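Chemist: File follows, entry06.cif with mmCIF, C-alpha atoms:
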```cif
data_start
loop_
_atom_site.group_PDB
_atom_site.id
_atom_site.type_symbol
_atom_site.label_atom_id
_atom_site.label_comp_id
_atom_site.auth_asym_id
_atom_site.auth_seq_id
_atom_site.Cartn_x
_atom_site.Cartn_y
_atom_site.Cartn_z
ATOM 1 C CA MET A 171 113.585 208.176 53.125
ATOM 2 C CA VAL A 172 117.246 207.124 52.916
ATOM 3 C CA ASP A 173 118.313 203.590 51.964
ATOM 4 C CA LEU A 174 121.119 202.696 54.412
ATOM 5 C CA ARG A 175 122.022 199.357 52.769
ATOM 6 C CA GLY A 176 125.603 199.533 51.565
ATOM 7 C CA GLY A 177 126.061 202.951 53.153
ATOM 8 C CA SER A 178 128.685 204.239 55.577
ATOM 9 C CA VAL A 179 128.678 206.530 58.588
ATOM 10 C CA GLU A 180 131.546 208.366 60.248
ATOM 11 C CA TRP A 181 132.280 211.522 62.202
ATOM 12 C CA ALA A 182 132.633 214.416 59.781
ATOM 13 C CA SER A 183 136.012 216.089 59.395
ATOM 14 C CA LYS A 184 136.523 219.814 59.974
ATOM 15 C CA GLU A 185 136.666 220.245 56.204
ATOM 16 C CA LYS A 186 133.041 219.082 55.990
ATOM 17 C CA SER A 187 131.754 221.158 58.890
ATOM 18 C CA SER A 188 133.211 223.560 61.439
ATOM 19 C CA LYS A 189 130.529 222.587 63.963
ATOM 20 C CA LYS A 190 131.009 220.014 66.693
ATOM 21 C CA HIS A 191 129.271 216.623 66.799
ATOM 22 C CA VAL A 192 128.582 216.239 63.074
ATOM 23 C CA ILE A 193 127.881 212.836 61.485
ATOM 24 C CA GLU A 194 128.618 212.242 57.801
ATOM 25 C CA LEU A 195 126.332 209.660 56.174
ATOM 26 C CA LYS A 196 127.019 208.335 52.669
ATOM 27 C CA THR A 197 124.641 206.066 50.741
ATOM 28 C CA ARG A 198 125.665 203.532 48.100
ATOM 29 C CA VAL A 199 124.162 205.738 45.379
ATOM 30 C CA GLY A 200 126.428 208.654 46.304
ATOM 31 C CA THR A 201 124.117 210.787 48.457
ATOM 32 C CA GLU A 202 125.944 212.549 51.310
ATOM 33 C CA LEU A 203 124.132 213.832 54.402
ATOM 34 C CA LEU A 204 125.374 215.725 57.468
ATOM 35 C CA ILE A 205 123.573 215.276 60.797
ATOM 36 C CA GLN A 206 124.411 217.527 63.738
ATOM 37 C CA SER A 207 123.296 218.111 67.319
ATOM 38 C CA GLU A 208 124.764 220.199 70.126
ATOM 39 C CA ILE A 209 123.656 217.561 72.642
ATOM 40 C CA ASP A 210 126.358 214.932 73.072
ATOM 41 C CA THR A 211 124.017 212.076 74.073
ATOM 42 C CA VAL A 212 121.612 212.765 71.205
ATOM 43 C CA ILE A 213 124.247 212.720 68.464
ATOM 44 C CA ASN A 214 125.883 209.608 69.960
ATOM 45 C CA ASP A 215 122.488 207.866 69.929
ATOM 46 C CA TRP A 216 122.113 208.800 66.249
ATOM 47 C CA PHE A 217 125.617 207.528 65.444
ATOM 48 C CA ARG A 218 124.973 204.246 67.247
ATOM 49 C CA ALA A 219 121.582 203.724 65.592
ATOM 50 C CA LEU A 220 122.936 204.445 62.099
ATOM 51 C CA SER A 221 126.018 202.247 62.614
ATOM 52 C CA GLU A 222 123.980 199.320 63.931
ATOM 53 C CA THR A 223 121.464 199.576 61.091
ATOM 54 C CA ILE A 224 124.177 199.732 58.422
ATOM 55 C CA ASN A 225 126.088 196.826 60.017
ATOM 56 C CA THR A 226 122.936 194.735 60.457
ATOM 57 C CA HIS A 227 121.864 195.170 56.835
ATOM 58 C CA ALA A 228 125.331 195.053 55.280
ATOM 59 C CA TRP A 229 124.622 191.572 53.888
ATOM 60 C CA GLU A 230 121.552 192.939 52.078
ATOM 61 C CA SER A 231 123.483 195.565 50.104
ATOM 62 C CA ASP A 232 124.849 193.207 47.442
ATOM 63 C CA GLU A 233 121.419 191.688 46.925
ATOM 64 C CA ALA A 234 119.860 195.141 46.708
ATOM 65 C CA ILE A 235 122.348 196.233 44.052
ATOM 66 C CA GLU A 236 121.819 193.028 42.116
ATOM 67 C CA GLU A 237 118.029 193.407 42.284
ATOM 68 C CA ASP A 238 118.213 197.001 41.051
ATOM 69 C CA MET A 239 120.131 195.946 37.928
ATOM 70 C CA PRO A 240 118.074 195.557 34.704
ATOM 71 C CA GLU A 241 117.626 192.133 33.190
ATOM 72 C CA SER A 242 120.407 191.148 30.797
ATOM 73 C CA PRO A 243 119.774 191.197 27.030
ATOM 74 C CA GLY A 244 120.231 187.418 26.955
ATOM 75 C CA THR A 245 117.336 186.990 29.347
ATOM 76 C CA GLU A 246 115.068 189.234 27.282
ATOM 77 C CA LYS A 247 115.982 187.339 24.086
ATOM 78 C CA HIS A 248 115.178 184.059 25.813
ATOM 79 C CA ASP A 249 111.804 185.450 26.867
ATOM 80 C CA ARG A 250 111.031 186.525 23.278
ATOM 81 C CA GLU A 251 111.774 183.047 21.973
ATOM 82 C CA LYS A 252 109.073 181.499 24.162
ATOM 83 C CA ASP A 253 105.726 180.329 22.768
ATOM 84 C CA PRO A 254 103.941 183.351 21.165
ATOM 85 C CA ARG A 255 100.713 182.254 22.797
ATOM 86 C CA ASP A 256 102.359 182.535 26.243
ATOM 87 C CA SER A 257 103.602 185.952 25.279
ATOM 88 C CA LYS A 258 100.133 187.049 24.285
ATOM 89 C CA LYS A 259 98.700 185.820 27.580
ATOM 90 C CA ASN A 260 101.413 187.671 29.494
ATOM 91 C CA ARG A 261 100.695 190.904 27.638
ATOM 92 C CA VAL A 262 97.039 190.667 28.626
ATOM 93 C CA LYS A 263 97.949 189.940 32.236
ATOM 94 C CA ASN A 264 100.581 192.690 32.423
ATOM 95 C CA SER A 265 98.154 195.265 31.115
ATOM 96 C CA SER A 266 96.056 194.743 34.239
ATOM 97 C CA LEU A 267 99.009 195.224 36.591
ATOM 98 C CA ASP A 268 100.854 198.398 37.277
ATOM 99 C CA SER A 269 104.488 197.909 36.182
ATOM 100 C CA SER A 270 105.912 199.270 39.426
ATOM 101 C CA GLU A 271 103.694 196.948 41.465
ATOM 102 C CA GLN A 272 104.895 193.981 39.426
ATOM 103 C CA LYS A 273 108.530 195.015 39.925
ATOM 104 C CA THR A 274 107.926 195.278 43.663
ATOM 105 C CA ARG A 275 106.430 191.793 43.766
ATOM 106 C CA VAL A 276 109.422 190.339 41.932
ATOM 107 C CA LYS A 277 111.823 192.012 44.324
ATOM 108 C CA LEU A 278 109.884 190.816 47.362
ATOM 109 C CA LYS A 279 109.773 187.277 46.044
ATOM 110 C CA LYS A 280 113.537 187.269 45.438
ATOM 111 C CA PHE A 281 114.208 188.791 48.826
ATOM 112 C CA LEU A 282 112.028 186.357 50.766
ATOM 113 C CA THR A 283 113.323 183.270 48.977
ATOM 114 C CA ARG A 284 116.994 184.220 49.211
ATOM 115 C CA ARG A 285 117.133 185.857 52.623
ATOM 116 C CA PRO A 286 119.456 183.920 54.991
ATOM 117 C CA THR A 287 118.812 183.609 58.714
ATOM 118 C CA LEU A 288 120.485 186.045 61.083
ATOM 119 C CA GLN A 289 122.555 183.222 62.582
ATOM 120 C CA ALA A 290 123.748 182.137 59.127
ATOM 121 C CA VAL A 291 124.881 185.680 58.392
ATOM 122 C CA ARG A 292 126.723 185.818 61.729
ATOM 123 C CA ASP A 293 128.379 182.456 61.028
ATOM 124 C CA LYS A 294 129.687 183.760 57.702
ATOM 125 C CA GLY A 295 131.170 186.803 59.442
ATOM 126 C CA TYR A 296 129.026 189.410 57.661
ATOM 127 C CA ILE A 297 127.696 190.685 60.968
ATOM 128 C CA LYS A 298 130.063 191.222 63.872
ATOM 129 C CA ASP A 299 128.687 191.234 67.396
ATOM 130 C CA GLN A 300 129.199 194.710 68.811
ATOM 131 C CA VAL A 301 130.727 195.672 72.147
ATOM 132 C CA PHE A 302 129.473 199.252 72.315
ATOM 133 C CA GLY A 303 125.689 199.331 72.347
ATOM 134 C CA CYS A 304 125.360 195.664 73.342
ATOM 135 C CA SER A 305 123.370 194.783 76.442
ATOM 136 C CA LEU A 306 125.540 194.060 79.465
ATOM 137 C CA THR A 307 124.033 190.610 80.036
ATOM 138 C CA ALA A 308 124.462 189.545 76.388
ATOM 139 C CA LEU A 309 128.033 190.871 76.235
ATOM 140 C CA CYS A 310 129.100 189.103 79.440
ATOM 141 C CA GLN A 311 127.424 185.916 78.252
ATOM 142 C CA ARG A 312 129.273 186.107 74.928
ATOM 143 C CA GLU A 313 132.621 186.753 76.611
ATOM 144 C CA SER A 314 131.986 184.198 79.395
ATOM 145 C CA THR A 315 132.766 186.778 82.058
ATOM 146 C CA SER A 316 130.917 188.729 84.745
ATOM 147 C CA VAL A 317 132.495 192.084 83.757
ATOM 148 C CA PRO A 318 133.018 193.135 80.098
ATOM 149 C CA ASN A 319 136.626 192.736 78.930
ATOM 150 C CA PHE A 320 136.729 196.270 77.559
ATOM 151 C CA VAL A 321 135.768 197.714 80.951
ATOM 152 C CA LYS A 322 138.486 195.707 82.692
ATOM 153 C CA MET A 323 141.054 196.681 80.053
ATOM 154 C CA CYS A 324 140.348 200.412 80.427
ATOM 155 C CA ILE A 325 140.387 200.304 84.225
ATOM 156 C CA GLU A 326 143.645 198.365 84.309
ATOM 157 C CA HIS A 327 145.291 200.806 81.895
ATOM 158 C CA VAL A 328 144.181 203.870 83.866
ATOM 159 C CA GLU A 329 145.297 202.410 87.190
ATOM 160 C CA ASN A 330 148.681 201.324 85.829
ATOM 161 C CA THR A 331 149.543 204.597 84.129
ATOM 162 C CA SER A 332 147.426 207.617 84.940
ATOM 163 C CA LEU A 333 145.863 207.870 88.406
ATOM 164 C CA ASN A 334 147.780 211.108 88.967
ATOM 165 C CA VAL A 335 146.579 212.833 85.769
ATOM 166 C CA ASP A 336 144.789 216.112 86.457
ATOM 167 C CA GLY A 337 141.043 216.012 85.767
ATOM 168 C CA LEU A 338 140.886 212.267 85.183
ATOM 169 C CA TYR A 339 137.400 211.425 83.790
ATOM 170 C CA ARG A 340 136.399 215.103 83.998
ATOM 171 C CA VAL A 341 138.506 216.258 81.036
ATOM 172 C CA SER A 342 137.124 215.246 77.626
ATOM 173 C CA GLY A 343 139.281 213.334 75.158
ATOM 174 C CA ASN A 344 139.436 213.892 71.398
ATOM 175 C CA LEU A 345 136.055 212.632 70.147
ATOM 176 C CA ALA A 346 137.432 211.579 66.746
ATOM 177 C CA VAL A 347 140.120 209.398 68.377
ATOM 178 C CA ILE A 348 137.584 207.993 70.850
ATOM 179 C CA GLN A 349 135.402 206.983 67.902
ATOM 180 C CA LYS A 350 138.392 205.273 66.254
ATOM 181 C CA LEU A 351 138.959 203.280 69.445
ATOM 182 C CA ARG A 352 135.256 202.441 69.590
ATOM 183 C CA PHE A 353 135.376 201.265 65.962
ATOM 184 C CA ALA A 354 138.457 199.100 66.612
ATOM 185 C CA VAL A 355 136.843 197.452 69.650
ATOM 186 C CA ASN A 356 133.537 196.879 67.825
ATOM 187 C CA HIS A 357 135.309 195.286 64.852
ATOM 188 C CA ASP A 358 137.208 192.822 67.003
ATOM 189 C CA GLU A 359 140.595 194.388 66.296
ATOM 190 C CA LYS A 360 143.340 193.646 68.808
ATOM 191 C CA VAL A 361 143.533 196.822 70.849
ATOM 192 C CA ASN A 362 146.558 197.704 72.963
ATOM 193 C CA LEU A 363 145.839 200.867 74.939
ATOM 194 C CA GLU A 364 149.565 201.455 75.324
ATOM 195 C CA ASP A 365 149.913 202.090 71.569
ATOM 196 C CA ASN A 366 150.891 205.650 70.676
ATOM 197 C CA LYS A 367 147.585 206.277 68.896
ATOM 198 C CA TRP A 368 145.770 205.898 72.238
ATOM 199 C CA GLU A 369 148.451 207.692 74.279
ATOM 200 C CA ASP A 370 146.075 210.391 75.570
ATOM 201 C CA ILE A 371 144.555 208.853 78.708
ATOM 202 C CA HIS A 372 141.450 211.011 78.219
ATOM 203 C CA VAL A 373 140.723 208.932 75.095
ATOM 204 C CA THR A 374 140.591 205.786 77.236
ATOM 205 C CA THR A 375 138.457 207.399 79.945
ATOM 206 C CA GLY A 376 136.214 208.974 77.273
ATOM 207 C CA ALA A 377 135.719 205.593 75.583
ATOM 208 C CA LEU A 378 134.853 203.965 78.926
ATOM 209 C CA LYS A 379 132.258 206.653 79.649
ATOM 210 C CA MET A 380 130.895 206.239 76.118
ATOM 211 C CA PHE A 381 130.595 202.472 76.642
ATOM 212 C CA PHE A 382 128.338 203.026 79.657
ATOM 213 C CA ARG A 383 126.368 205.788 77.915
ATOM 214 C CA GLU A 384 125.658 203.548 74.931
ATOM 215 C CA LEU A 385 124.352 200.586 76.929
ATOM 216 C CA PRO A 386 120.785 199.884 75.712
ATOM 217 C CA GLU A 387 119.854 199.845 79.384
ATOM 218 C CA PRO A 388 121.950 201.765 81.951
ATOM 219 C CA LEU A 389 124.058 200.076 84.609
ATOM 220 C CA PHE A 390 121.308 201.020 87.077
ATOM 221 C CA THR A 391 118.407 199.540 85.104
ATOM 222 C CA TYR A 392 115.419 201.582 83.950
ATOM 223 C CA ALA A 393 113.078 199.490 86.108
ATOM 224 C CA SER A 394 115.046 200.352 89.249
ATOM 225 C CA PHE A 395 115.545 204.078 88.588
ATOM 226 C CA ASN A 396 112.561 205.349 90.590
ATOM 227 C CA ASP A 397 113.375 202.971 93.455
ATOM 228 C CA PHE A 398 116.913 204.336 93.708
ATOM 229 C CA VAL A 399 115.567 207.903 93.663
ATOM 230 C CA GLU A 400 113.113 207.099 96.469
ATOM 231 C CA ALA A 401 115.893 205.409 98.437
ATOM 232 C CA ILE A 402 118.191 208.437 98.273
ATOM 233 C CA LYS A 403 115.346 210.620 99.580
ATOM 234 C CA HIS A 404 115.257 208.817 102.971
ATOM 235 C CA SER A 405 115.886 211.278 105.788
ATOM 236 C CA ASP A 406 117.641 208.635 107.898
ATOM 237 C CA TYR A 407 121.200 208.098 106.593
ATOM 238 C CA LYS A 408 121.498 204.451 107.680
ATOM 239 C CA GLN A 409 118.163 203.624 106.103
ATOM 240 C CA ARG A 410 119.309 205.384 102.930
ATOM 241 C CA VAL A 411 122.466 203.274 102.708
ATOM 242 C CA GLN A 412 120.622 200.026 103.460
ATOM 243 C CA SER A 413 117.956 200.749 100.825
ATOM 244 C CA ILE A 414 120.590 201.438 98.156
ATOM 245 C CA LYS A 415 122.439 198.269 99.152
ATOM 246 C CA ASP A 416 119.262 196.167 98.891
ATOM 247 C CA LEU A 417 118.401 197.617 95.481
ATOM 248 C CA ILE A 418 121.867 196.854 94.098
ATOM 249 C CA LYS A 419 121.472 193.230 95.179
ATOM 250 C CA GLN A 420 118.300 193.031 93.068
ATOM 251 C CA LEU A 421 120.090 194.072 89.855
ATOM 252 C CA PRO A 422 121.167 191.443 87.289
ATOM 253 C CA LYS A 423 124.454 189.745 88.197
ATOM 254 C CA PRO A 424 126.514 191.384 85.381
ATOM 255 C CA ASN A 425 125.276 194.802 86.509
ATOM 256 C CA GLN A 426 126.231 194.097 90.117
ATOM 257 C CA GLU A 427 129.692 192.777 89.267
ATOM 258 C CA THR A 428 130.455 195.548 86.773
ATOM 259 C CA MET A 429 129.261 198.148 89.270
ATOM 260 C CA LYS A 430 131.478 196.681 91.977
ATOM 261 C CA VAL A 431 134.572 196.765 89.741
ATOM 262 C CA LEU A 432 133.840 200.261 88.392
ATOM 263 C CA PHE A 433 133.173 201.857 91.794
ATOM 264 C CA LYS A 434 136.261 200.223 93.292
ATOM 265 C CA HIS A 435 138.249 201.813 90.477
ATOM 266 C CA LEU A 436 136.606 205.219 90.996
ATOM 267 C CA LYS A 437 137.480 204.971 94.712
ATOM 268 C CA ARG A 438 141.118 204.584 93.691
ATOM 269 C CA VAL A 439 140.833 207.635 91.458
ATOM 270 C CA ILE A 440 139.460 209.630 94.420
ATOM 271 C CA ASP A 441 142.263 208.333 96.670
ATOM 272 C CA HIS A 442 144.689 210.218 94.384
ATOM 273 C CA GLY A 443 142.547 213.348 94.562
ATOM 274 C CA GLU A 444 145.320 215.562 95.931
ATOM 275 C CA VAL A 445 147.108 215.150 92.608
ATOM 276 C CA ASN A 446 144.346 214.561 90.032
ATOM 277 C CA ARG A 447 141.903 216.953 91.762
ATOM 278 C CA MET A 448 139.016 214.515 91.496
ATOM 279 C CA THR A 449 136.836 214.477 94.617
ATOM 280 C CA THR A 450 133.946 212.158 95.437
ATOM 281 C CA GLN A 451 131.521 214.878 94.407
ATOM 282 C CA SER A 452 133.242 215.630 91.079
ATOM 283 C CA VAL A 453 133.353 211.927 90.157
ATOM 284 C CA ALA A 454 129.653 211.638 91.052
ATOM 285 C CA ILE A 455 128.828 214.607 88.807
ATOM 286 C CA VAL A 456 130.652 212.958 85.886
ATOM 287 C CA PHE A 457 129.199 209.468 86.314
ATOM 288 C CA GLY A 458 125.720 210.166 87.755
ATOM 289 C CA PRO A 459 123.876 210.793 84.449
ATOM 290 C CA THR A 460 126.049 208.190 82.679
ATOM 291 C CA LEU A 461 125.188 205.282 84.943
ATOM 292 C CA LEU A 462 121.533 205.882 85.757
ATOM 293 C CA ARG A 463 118.752 207.732 83.994
ATOM 294 C CA PRO A 464 114.992 207.377 83.529
ATOM 295 C CA GLU A 465 113.710 205.535 80.486
ATOM 296 C CA ILE A 466 111.611 208.540 79.477
ATOM 297 C CA GLU A 467 112.996 211.998 80.166
ATOM 298 C CA THR A 468 110.468 214.362 81.746
ATOM 299 C CA GLY A 469 110.529 217.992 82.801
ATOM 300 C CA ASN A 470 112.327 216.902 85.990
ATOM 301 C CA MET A 471 115.748 216.564 84.336
ATOM 302 C CA ALA A 472 117.450 219.011 86.700
ATOM 303 C CA VAL A 473 115.910 217.320 89.749
ATOM 304 C CA HIS A 474 116.844 213.871 88.447
ATOM 305 C CA MET A 475 120.428 214.990 87.905
ATOM 306 C CA VAL A 476 120.725 215.974 91.553
ATOM 307 C CA TYR A 477 119.487 212.549 92.671
ATOM 308 C CA GLN A 478 121.684 210.728 90.108
ATOM 309 C CA ASN A 479 124.779 212.438 91.493
ATOM 310 C CA GLN A 480 123.747 211.837 95.105
ATOM 311 C CA ILE A 481 123.216 208.104 94.489
ATOM 312 C CA VAL A 482 126.666 207.668 92.914
ATOM 313 C CA GLU A 483 128.255 209.781 95.657
ATOM 314 C CA LEU A 484 126.644 207.694 98.406
ATOM 315 C CA ILE A 485 127.841 204.413 96.861
ATOM 316 C CA LEU A 486 131.385 205.797 96.613
ATOM 317 C CA LEU A 487 131.326 206.921 100.252
ATOM 318 C CA GLU A 488 129.821 203.648 101.497
ATOM 319 C CA TYR A 489 131.564 201.276 99.075
ATOM 320 C CA GLU A 490 132.833 198.821 101.671
ATOM 321 C CA ASN A 491 129.505 198.781 103.488
ATOM 322 C CA ILE A 492 127.621 198.064 100.246
ATOM 323 C CA PHE A 493 130.000 195.713 98.428
ATOM 324 C CA GLY A 494 132.210 194.407 101.251
ATOM 325 C CA ARG A 495 135.975 194.689 101.557
#
```
In C-alpha cells, how does this file's structure come out?
Modeler:
Amino acid sequence: MVDLRGGSVEWASKEKSSKKHVIELKTRVGTELLIQSEIDTVINDWFRALSETINTHAWESDEAIEEDMPESPGTEKHDREKDPRDSKKNRVKNSSLDSSEQKTRVKLKKFLTRRPTLQAVRDKGYIKDQVFGCSLTALCQRESTSVPNFVKMCIEHVENTSLNVDGLYRVSGNLAVIQKLRFAVNHDEKVNLEDNKWEDIHVTTGALKMFFRELPEPLFTYASFNDFVEAIKHSDYKQRVQSIKDLIKQLPKPNQETMKVLFKHLKRVIDHGEVNRMTTQSVAIVFGPTLLRPEIETGNMAVHMVYQNQIVELILLEYENIFGR
C-alpha cells in the first residue's frame, strides 16, 4: 500500500532509468518508486490514474500530516490536570481498547468532521478541473463549446504551420515535452503553441493523440463499438457507408462535432500527402485504435485493429457524404 496524499508523479529522467516509459512516484514521507511498461497505452493509463488521484486528494495531505503529528506537550499537561477520577475512568476504559484502534477512531472522527465538500475544494482552487482525462461531454459543457478548445488550438496550429511536414501524426514527438505540454494545459496555464518550447510540431500532434487516448470513453463510444464493427462488415458498400453515417448521428453531440472537426482536419493532412507522405490508409492506421476501441480487450485485438482502421478510413473517404460539405 502506498499513501499518495501529498505525493508527486512525473516521467523519470534518463538518470533514474535508461528504459522508456518510466514513471517516478514520490510520497510525502520520502519513498521513491519507479513504474515501467513497454506498452504505451498501459503506462499512460497509470500516469493518468496516479496524477488524478494525487490531484484529487491534494487537499487531504495537510490534514493527513497534521493528524500524524503527536499531541503537543501542552495538551498532555492539560489532560493530566483534569479530575483524577476522570483519569482513573479513562485508564479503565483505555485498557479495554487496543491503542491503535483508538487512534484510528480519533483520526476518522477528525476526518469526517473536517472534510469539506468536493465543490468547496474546487471553489478554493485546490482541485483544478483537468482537460486530459476529462469526459468529452463534461469538458465541452465546462468550456461552453461543442469542440474542446485544446483540440481546436492544436488543429489550427498544425494547419497554419505544418501540413507539409513529413510523417505528420505518424512520427512520435518527444514524450517528456508532450507531458510538459499536457501538464501546462491541465493546470490552466496560458499555452501558446508557437513558443519555442513547443516548436517541434510532433509534440503538438503527439499531445492531440494523447488527448484522445486519455478520454475516459473514446470518441466512438464503448456502447457503439460493436455496432460500428458490424456496419463495416457489410458487403454492400453503400449500405456500409449509410450504416456508419446513421451510427455517427446517434453519438452524443460533442462526439459528433469533435469528430467532424477532427476528420475535416485529417482530410486536409491527406490532401498534402505528396509532401507529408500521409495517405488515407496511414492516417487510419494511426488514428484507428486511438479513436475507437472495445471497453474490454479480448483475444481479438488483431481483428479489432483491422476493423478500427477500416472504419476511420471509410469516414475519411466518405467525409462529405457523412458530414456534408
Chemist: Got a sec to resolve the PyMOL selection byres ((chain A and resi 350) around 12) on this structure and send the residues as a ChimeraX atom specification?
Modeler: /A:180-181,344-349,351-357,359,361,367-368,373-374,376-377
Chemist: Might you spell out which residues the PyMOL selection byres ((chain A and resi 383-386) around 9) would select in the displayed file, as a short mmCIF file (atom, residue, chain, number, x, y, z; two decimals) with C-alpha atoms, in the coordinates of the input?
Modeler:
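Result went into selection.cif, see below:
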```cif
data_model
loop_
_atom_site.label_atom_id
_atom_site.label_comp_id
_atom_site.auth_asym_id
_atom_site.auth_seq_id
_atom_site.Cartn_x
_atom_site.Cartn_y
_atom_site.Cartn_z
CA THR A 211 124.02 212.08 74.07
CA ASN A 214 125.88 209.61 69.96
CA ASP A 215 122.49 207.87 69.93
CA ARG A 218 124.97 204.25 67.25
CA PHE A 302 129.47 199.25 72.32
CA GLY A 303 125.69 199.33 72.35
CA CYS A 304 125.36 195.66 73.34
CA SER A 305 123.37 194.78 76.44
CA LEU A 306 125.54 194.06 79.46
CA LEU A 378 134.85 203.96 78.93
CA LYS A 379 132.26 206.65 79.65
CA MET A 380 130.90 206.24 76.12
CA PHE A 381 130.60 202.47 76.64
CA PHE A 382 128.34 203.03 79.66
CA GLU A 387 119.85 199.84 79.38
CA PRO A 388 121.95 201.76 81.95
CA LEU A 389 124.06 200.08 84.61
CA PRO A 459 123.88 210.79 84.45
CA THR A 460 126.05 208.19 82.68
CA LEU A 461 125.19 205.28 84.94
#
```
Chemist: So that I can see what lies close to Thr307 (chain A), please list as a short mmCIF file (atom, residue, chain, number, x, y, z; two decimals) with C-alpha atoms, in the frame of the given file the residues with an atom at most 8 Å from it, counting only C-alpha atoms and leaving out residues fewer than 5 positions away in the same chain.
Modeler:
```cif
data_model
loop_
_atom_site.label_atom_id
_atom_site.label_comp_id
_atom_site.auth_asym_id
_atom_site.auth_seq_id
_atom_site.Cartn_x
_atom_site.Cartn_y
_atom_site.Cartn_z
CA PRO A 422 121.17 191.44 87.29
CA PRO A 424 126.51 191.38 85.38
CA ASN A 425 125.28 194.80 86.51
#
```
Chemist: Have a look at CA of Ser314 (chain A) and CA of Glu427 (chain A) and let me know their distance in Å, one decimal.
Modeler: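 Taking CA of Ser314 (chain A) as the start and CA of Glu427 (chain A) as the end point, the length is 13.3 Å.
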Chemist: Do you know which residues the PyMOL selection byres ((chain A and resi 364) around 12) returns on this file, as a ChimeraX atom specification?
Modeler: /A:323-324,326-328,330-332,360-363,365-371,373-374
Chemist: Print the selection's residues with C-alpha atoms to a file, as a JSON list (two decimals), in the coordinates of the input.
Modeler:
```
[["chain", "number", "residue", "atom", "x", "y", "z"],
["A", 323, "MET", "CA", 141.05, 196.68, 80.05],
["A", 324, "CYS", "CA", 140.35, 200.41, 80.43],
["A", 326, "GLU", "CA", 143.65, 198.36, 84.31],
["A", 327, "HIS", "CA", 145.29, 200.81, 81.90],
["A", 328, "VAL", "CA", 144.18, 203.87, 83.87],
["A", 330, "ASN", "CA", 148.68, 201.32, 85.83],
["A", 331, "THR", "CA", 149.54, 204.60, 84.13],
["A", 332, "SER", "CA", 147.43, 207.62, 84.94],
["A", 360, "LYS", "CA", 143.34, 193.65, 68.81],
["A", 361, "VAL", "CA", 143.53, 196.82, 70.85],
["A", 362, "ASN", "CA", 146.56, 197.70, 72.96],
["A", 363, "LEU", "CA", 145.84, 200.87, 74.94],
["A", 365, "ASP", "CA", 149.91, 202.09, 71.57],
["A", 366, "ASN", "CA", 150.89, 205.65, 70.68],
["A", 367, "LYS", "CA", 147.58, 206.28, 68.90],
["A", 368, "TRP", "CA", 145.77, 205.90, 72.24],
["A", 369, "GLU", "CA", 148.45, 207.69, 74.28],
["A", 370, "ASP", "CA", 146.07, 210.39, 75.57],
["A", 371, "ILE", "CA", 144.56, 208.85, 78.71],
["A", 373, "VAL", "CA", 140.72, 208.93, 75.10],
["A", 374, "THR", "CA", 140.59, 205.79, 77.24]]
```
Chemist: Give the answer as one residue: which of A:Val212, A:Tyr407, A:Ile492, A:Thr375 has the shortest atom-to-atom distance to Arg340 (chain A), using all atoms listed in the file?
Modeler: A:Thr375
Chemist: Choose the residue, out of A:Thr274, A:Gln412, A:Arg198, A:Ile193, that has the smallest atom-to-atom separation from Tyr489 (chain A); count all atoms listed in the file.
Modeler: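 That would be A:Gln412, the residue with the smallest distance to Tyr489 (chain A).
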Chemist: Just how far from CA of Leu220 (chain A) is CA of Ser188 (chain A), in Å to one decimal?
Modeler: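 Taking CA of Ser188 (chain A) as the start and CA of Leu220 (chain A) as the end point, the length is 21.7 Å.
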Chemist: When you count only C-alpha atoms, which of these residues is closest to Asp173 (chain A): A:Glu185, A:Glu202, A:Asp416, A:Asp397?
Modeler: A:Glu202
Chemist: Tell me which of A:Leu195, A:Val411, A:Val431, A:Leu417 sits closest to Ser316 (chain A), counting only C-alpha atoms.
Modeler: A:Val431
Chemist: When distances are computed from all atoms listed in the file, which of A:Met471, A:Gln420, A:Gln300, A:Leu484 shows the smallest separation from Phe320 (chain A)?
Modeler: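 Ranked by minimum distance to Phe320 (chain A), first place goes to A:Gln300.
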Chemist: For a test of reading the model, state the distance in Å between CA of Thr428 (chain A) and CA of Glu444 (chain A), rounded to one decimal.
Modeler: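 These two atoms are separated by 26.6 Å.
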Chemist: Measuring between all atoms listed in the file, which one of A:Ser270, A:Ser207, A:Asn334, A:Ser342 shows the shortest distance to Asn446 (chain A)?
Modeler: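 When distances to Asn446 (chain A) are compared using all atoms listed in the file, the smallest one comes from A:Asn334.
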Chemist: Show which residues sit within 9 Å of region 208-210 of chain A, as a PyMOL selection string. Count all atoms listed in the file, and ignore same-chain residues fewer than 5 positions away.
Modeler: chain A and resi 189-192+215
Chemist: Please dump the current selection as a PDB file, keeping the file's coordinate frame; keep C-alpha atoms.
Modeler:
```
ATOM      1  CA  LYS A 189     130.529 222.587  63.963  1.00  0.00           C
ATOM      2  CA  LYS A 190     131.009 220.014  66.693  1.00  0.00           C
ATOM      3  CA  HIS A 191     129.271 216.623  66.799  1.00  0.00           C
ATOM      4  CA  VAL A 192     128.582 216.239  63.074  1.00  0.00           C
ATOM      5  CA  ASP A 215     122.488 207.866  69.929  1.00  0.00           C
TER       6      ASP A 215
END
```
